[in-house]
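Novice: Pasting a structure here, questions to come.
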Amino acid sequence: MLSRKRSSKSNTPFVPPFAQPPTTKLLKPTTAARNEPTTSSASPEPKSTPLLQSQSPIDKMVSLLADAGCTLINPAGPPCLPSDLYKFRQRLDGIFSRDSSLRSQFLKGFSDYISSTFNLRRVLLPCHQDGFGSIRRDSFVRLLLLVRSIQQDLLDMLLEKLPEYFDVDPGVSSCGFSSSSRVDEDVARLILNQLRWLDFLVNSEAFVEKLLQVLTICPHHLKKEIIGSLPEIIGDQNNTSVVNSLQQMLQEDSSIVVPVLDSFSNLNLDDLLQDQVIMIALSCIRTIDIEHIPYLLRFLLLSTNTSNSRRIISKIREQLKFVGASHTQVSQNSKLKGISVVHNTKASILDALRSSLRFKNILCLEILKELKSLDEAHKHKVIDIWLLILIFMNCETLQKSVEKLFKKKILDGCFQEHMFEQCIHGIKDLPKDFLTTFVSLAAYMLACKEQRVQEFGVHIYICLFEELCDAYSRQEVLGALLTHVGSGIHFEVSAALDAMVKLASKKSQELISLSSHINGILDYLEGFSVENLHKVYEVFIRLAVSDHSSSQPYGCSIANELLMILRKQINNSDLMYKKMGLIGTLKIVSYIADTNNSSLPPLSQRSNYEEAVELLKLSLDSCKQMSLPLILFYEELVLTLQSKTLHPVVMEWIGKQVVEFESVYLCDLDSGNLIDQDSSQGLEGELWMNLDGDISPICLNILPLVFSSIRLTSTLQVLPTKFILLSLVERSANQGSLGGIDALLGCPFHLPSSKLFSELSWQSLTVKQKQIAILSLYYASNWMRELLNVFSTQVVKECDIISQATKEEMIPKLLKRLRNLVFIECLLDNCLKQHPVLLPELCPHWELSPVIEFDHAGDLEKMNQLHKGSEGISQNKKRNRAKSSSPLANSNIEEKLRQPTIVDTWKKAGAIPSQETPKDDVLVTSSKNKQSESDENQADNSNVPLNIEISAPVKYLEAQRYKFRPLSFDCLTILTSVENNEGSCCADPSAEMLNLTDVLKEKEILSDILQAFQPMEISGCFFQGMQLIPSPGNMDYLYSGAYIFLVTVFDEAMNFSFTLASEVLLTLELLVTSIHMFLDVSLCENGKDACPEFSKEIVPFLCNKLGSYAQKLLTQKCDRDDVDRSLKTKGEMVQKILRIYLTNCQSTSDSLNELACSVLPQVSSSGTSVDDDNPTFPTLCPATMTVWYRVMHEENISTLNKLVKEIAVLEKPRGGAEVESLKSLLNKMLQSVNVFVSLISVCRNNDKVSVHAMAVKYGGKFIDSFLKVFDFLQAQFEMHKDLILNLIKELQKATRTIQTLCSEAKGSKQTAITCKIPATKRSMERFLFHVKGLLYATPSGCSFWMGNLKHKDLTGQIVSSQAYLDTQNDDINNDDAADPIVEDQTAE
């Protein structure tokens, strides 16, 4: 070594191994000063061999390296490496392999050398290589790590040095520079760099173990970097230990999840380890911070394959709460620009999901399968909507599937509006492609026919407009809505306008600045229906009024332009534009004249009330010369009065318009007779249908007005609407009562004489006279329709405006008018059959029919041509006529034109078509005597009343039915009063209301009624599961068709009204009851089955479906407003529905067990809020809990009674063949007892007195029923000992709770409970002695003994008043399920 020492003046490029280091960077005095050789003149020669022997370990290490060709001490920088690194490593490896002492000396010297931070950094930094100038290569340490014999020792040495540099701040270096600019200052990171990508590891297991030990104590920043670098450091053979260690560290510190996931992603794991890391990642979803969620989702979704994709997706859906952030989170995670970290993270989560789903159809398909498999609403979450949105964006081929699934979930009630609000809430910078996707889905929903889907689409549009505040997004939303408005599809246009109305009511200020876009709606007015015109004008009126006082000019210009357009439309001669103007004008009046909008700024220089009156005057003046616009004006005014409370000034003007009603339409009577008997056009008139008799002071003057209407504008056309307006004015003036105009209900009608409707008299009339007669009947029919509509509102159950006596007086009159209406329309149809007339419209349908003014006789010939060929009746098909044989002597209208019965009206065509064509006409007269054919009766043909065939289809009247005034639903409710008013309707016995139950026993009538409710098509899928499918035409097929029709109505009602859906469900139950009645009647006839073709399988089939529909309704959330704001009404509905469900479900016992054990205990007893609904059964809440509790008790007792009857049949054992059936009965009894115990146990957590009272009451009843089977239990005790003992032990739990309830009730003097205690106590005492007798009489090996129970409350705490009792009975009173005590007794 000394011979290789070169002088300092040498010109050779060799650098001596002990060269003087730079003076600016001295090593530590303990090492550098001692180890440096001197080159001064004082010591020109090296020391002798003794000095060599005294060399330090560092000197020996340096000598070994120099011998191998490496210069460690390089004054020019890092160590200088030889050109052939491979030979260098091989030489060192050979030296150390041959001589272990040299290896030890080298390692000792290297360890001492790197004890200096400066030296350690020198060997960690990249080195220069001989022959390559300034090219930087691997570090000196990295080169040594590739020497096999010393690798493990060096690795341990470096890992042990690592903790010395944990305290170094990774953010700033010692010179004040950022660590990113001076990486070489961070020794820990330099050490870590040496461990990456080594060519081999001599002992990887030991190295990994050491590394993981150091990792557990590393600071947070270094730990994350080491974890992320693990795949670059370790080998594949140590993956198991690495995964286990990382799992443990992740459980201790969830903040390292990102590097852990990155490490898992880069490790080469086998299938078992891959499943393990996936489970680790899934367990972190709920524990990690929200900012780490995107990385976790990306890892999970990229790790999916065909075997685990479903499991991963399910876990993500279940555990990921993706519903936005609270205000606290937002404030705590805000950054410099005010952007919420939470909101940015939400966007990052979406980006992670989107990037992971892109081009991975397997994931998209599995998500769709997962969502399709969910059938309960509470299992769906907000993330489901986002997943479908992302699939829609990424996979064009699956867009149709996503749309259909969205639609299905909305119809099933799985996707609710609030879920979508949570979906997009807080995402301020929603990417434009997301907006496009949302708009596309909303557009699809608005194009669907289902109302529920349309409502959801409308909600999406509104949420997008509210959440996205930038102009571009809002213009896109409005543009999409305008596209729907211009589609020309009625339901789509209506839904889009609904969205516009809601936006105008919520965001009118924001819409005003975008009014130029909204004005495009006005281009489509000609194609809008009346309903949609209302919506259009409401949008513009809200915009005009809301910002009229704004500093911006938008509001003023909108208001002025709107008023100008409406004035032009009103004065237009075209009826279509006049219609638009009337609707718009009345809509403005309803808004500005509403007393609730008194704070609105005036639209003009006049006040809003004055402006409203002027608009009304303008509209009325423009309509006076035309009947149809005048009808529309009055109808719009009626709608306004029904929905708004107008200012007194406006109401005063409206009242003046109906003052002339009496002078125009009514005339006075003298003792019930006409004062003026003048005929019109030679037609004799008389009073018809006088319900008030001689005391009637007035009559409706129809005949004279019809005569005048032939030449002038008909005042009778506006009679119905003007009468409705009169009734509304009367209501507003008399607190809802119609007492001031009740004389109109019973007053007679001035119509053509009844003699004119006989055959010969009718044929002798002129065309004009026939026209007058027909129009008189037509106006009388519509007058009665409005009488029924108006006055029936006074007698409905919910109305308490008038007294009960007044109701009882009014109901018979309404029933008479209903019968009068049926008769008048039958007579009118017969007249139209003989003389077709084009009737004027009284209820204009602008979209359905052309505008017709009946003002000239030329239209009659058109109608004659229209009906040509349908009037002729073949002579050989003329039917026999019947004479009237009425014994009455008076000559009033009841003699000559007998009115039909209600049963006859059901057979009238158009309402209920008959299946069979009648062979003979049914005459109006009730006499069954046939008319004689003698010639002497032919002379009196002029006096024979006209025969009316009311069972035939009224096709002539039905052809113009759309022109009639419609009947409201309220007027049909008076039929429910028939039984209470039987015998008071009319003195005519042939016109009495019949009992519906008796009528339905007639097969022909029942068949006609069922035929009226048949759907357009009966799908074969409905009968899936039946062996014998009903045949068309049979009664079972008709029942099935009516059932399907009602199910369709039920499905529609479920979307918007719980009340209506409940009523339809009850109707379905009645239909099933009708089937039972029909089958019973069929079996009772001559003891034989009268309908052998009737499938008996249809009854249980329909019952099962009825149970499923009832369950579906019970899972439907019903709002308080949807049930008339009455908890009592809601409880009654729920009670009926629950009974239907439990009675018709597949297994009543199983359903009761599920409800009693799982569902009912979840209900809290605090309060009566209907909002605290059960997630499975929203109809089960504290407000309805008592209803559920009572019904379940009653149904459980009913189930037990059925079992008692079955046991009575099988009471005697009949051999081994009956063992299983007996055991099955005992198991059913045990299930019923379990239900009973669960219901009684509810009292422990429910403090309602009503619940406790029901528990005591029904507890005694249940025990009484149970005692009926004790003889059977005694007979079967030896064979089924364990099962019977279990029955008794389970029942003991309930009896003990009942005992506690009785004690507490007596102490607190709760009379609602105490009145039921004696009967229940007697039942429990009987039960006690029956058990005693059972155990003593049977050789069971069991003993029986009694003890005193401790006095405990419902919570199980001993009451202090009886704490002194002997403790020997502690075991007796234990509530443990294994305690064999039965109430006061024990069976061991």
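For the structure tokens, the naming scheme is as follows: chains receive sequential letters (A, B, ...) according to their order of presentation, residues are indexed from 1 within each chain, and ligands are indexed from 1 in presentation order.
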Using DSSP on the backbone, list every residue of region 64-176 of chain A that comes out as strand (DSSP E), and give them as an MDAnalysis selection string.

Specialist: chainID A and resid 80:81 126:129 136:139

Novice: Filtering to C-alpha atoms, could you give me those residues as a PDB file, in the first residue's frame?

Specialist:
ATOM      1  CA  CYS A  80     -14.132   7.970  -7.550  1.00  0.00           C
ATOM      2  CA  LEU A  81     -15.146   4.526  -8.831  1.00  0.00           C
ATOM      3  CA  PRO A 126     -23.914   9.672  -6.987  1.00  0.00           C
ATOM      4  CA  CYS A 127     -20.240   9.107  -7.764  1.00  0.00           C
ATOM      5  CA  HIS A 128     -17.873   9.873 -10.640  1.00  0.00           C
ATOM      6  CA  GLN A 129     -16.560   6.945 -12.628  1.00  0.00           C
ATOM      7  CA  ARG A 136     -22.738  10.781 -12.474  1.00  0.00           C
ATOM      8  CA  ARG A 137     -23.384   7.162 -11.707  1.00  0.00           C
ATOM      9  CA  ASP A 138     -24.743   5.161  -8.787  1.00  0.00           C
ATOM     10  CA  SER A 139     -23.638   6.070  -5.309  1.00  0.00           C
TER      11      SER A 139
END

Novice: Taking the backbone alone, and naming residues the way the document does, which bits of region 504-588 of chain A are alpha helix (DSSP H) by DSSP, as a VMD selection string?

Specialist: chain A and resid 504 to 506 508 to 512 515 to 518 530 to 546 554 to 570 575 to 588

Novice: Take CA of Leu158 (chain A) and CA of Asp262 (chain A) and report the distance between them in Å, one decimal.

Specialist: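 About the pair CA of Leu158 (chain A) and CA of Asp262 (chain A): they are 24.6 Å apart.
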
Novice: I'd like the neighbourhood of Lys1136 (chain A) as a compact mmCIF listing (two decimals) with C-alpha atoms, in the first residue's frame, where a residue qualifies if any of its atoms comes within 10 Å (using only C-alpha atoms), though same-chain residues fewer than 4 positions away should be ignored.

Specialist:
# COMPACT_ATOMS: atom_id res chain seq x y z
CA SER A 1062 -106.58 2.98 -0.42
CA LEU A 1065 -107.67 -1.38 -2.69
CA LEU A 1066 -110.92 -1.58 -0.74
CA ALA A 1110 -101.97 -4.22 0.35
CA GLY A 1131 -105.62 5.25 11.17
CA GLU A 1132 -108.88 3.93 9.74
CA ILE A 1140 -106.45 -6.98 3.96
CA TYR A 1141 -102.72 -7.71 3.95
CA VAL A 1187 -103.94 0.67 15.03
CA VAL A 1191 -105.12 -5.39 14.28
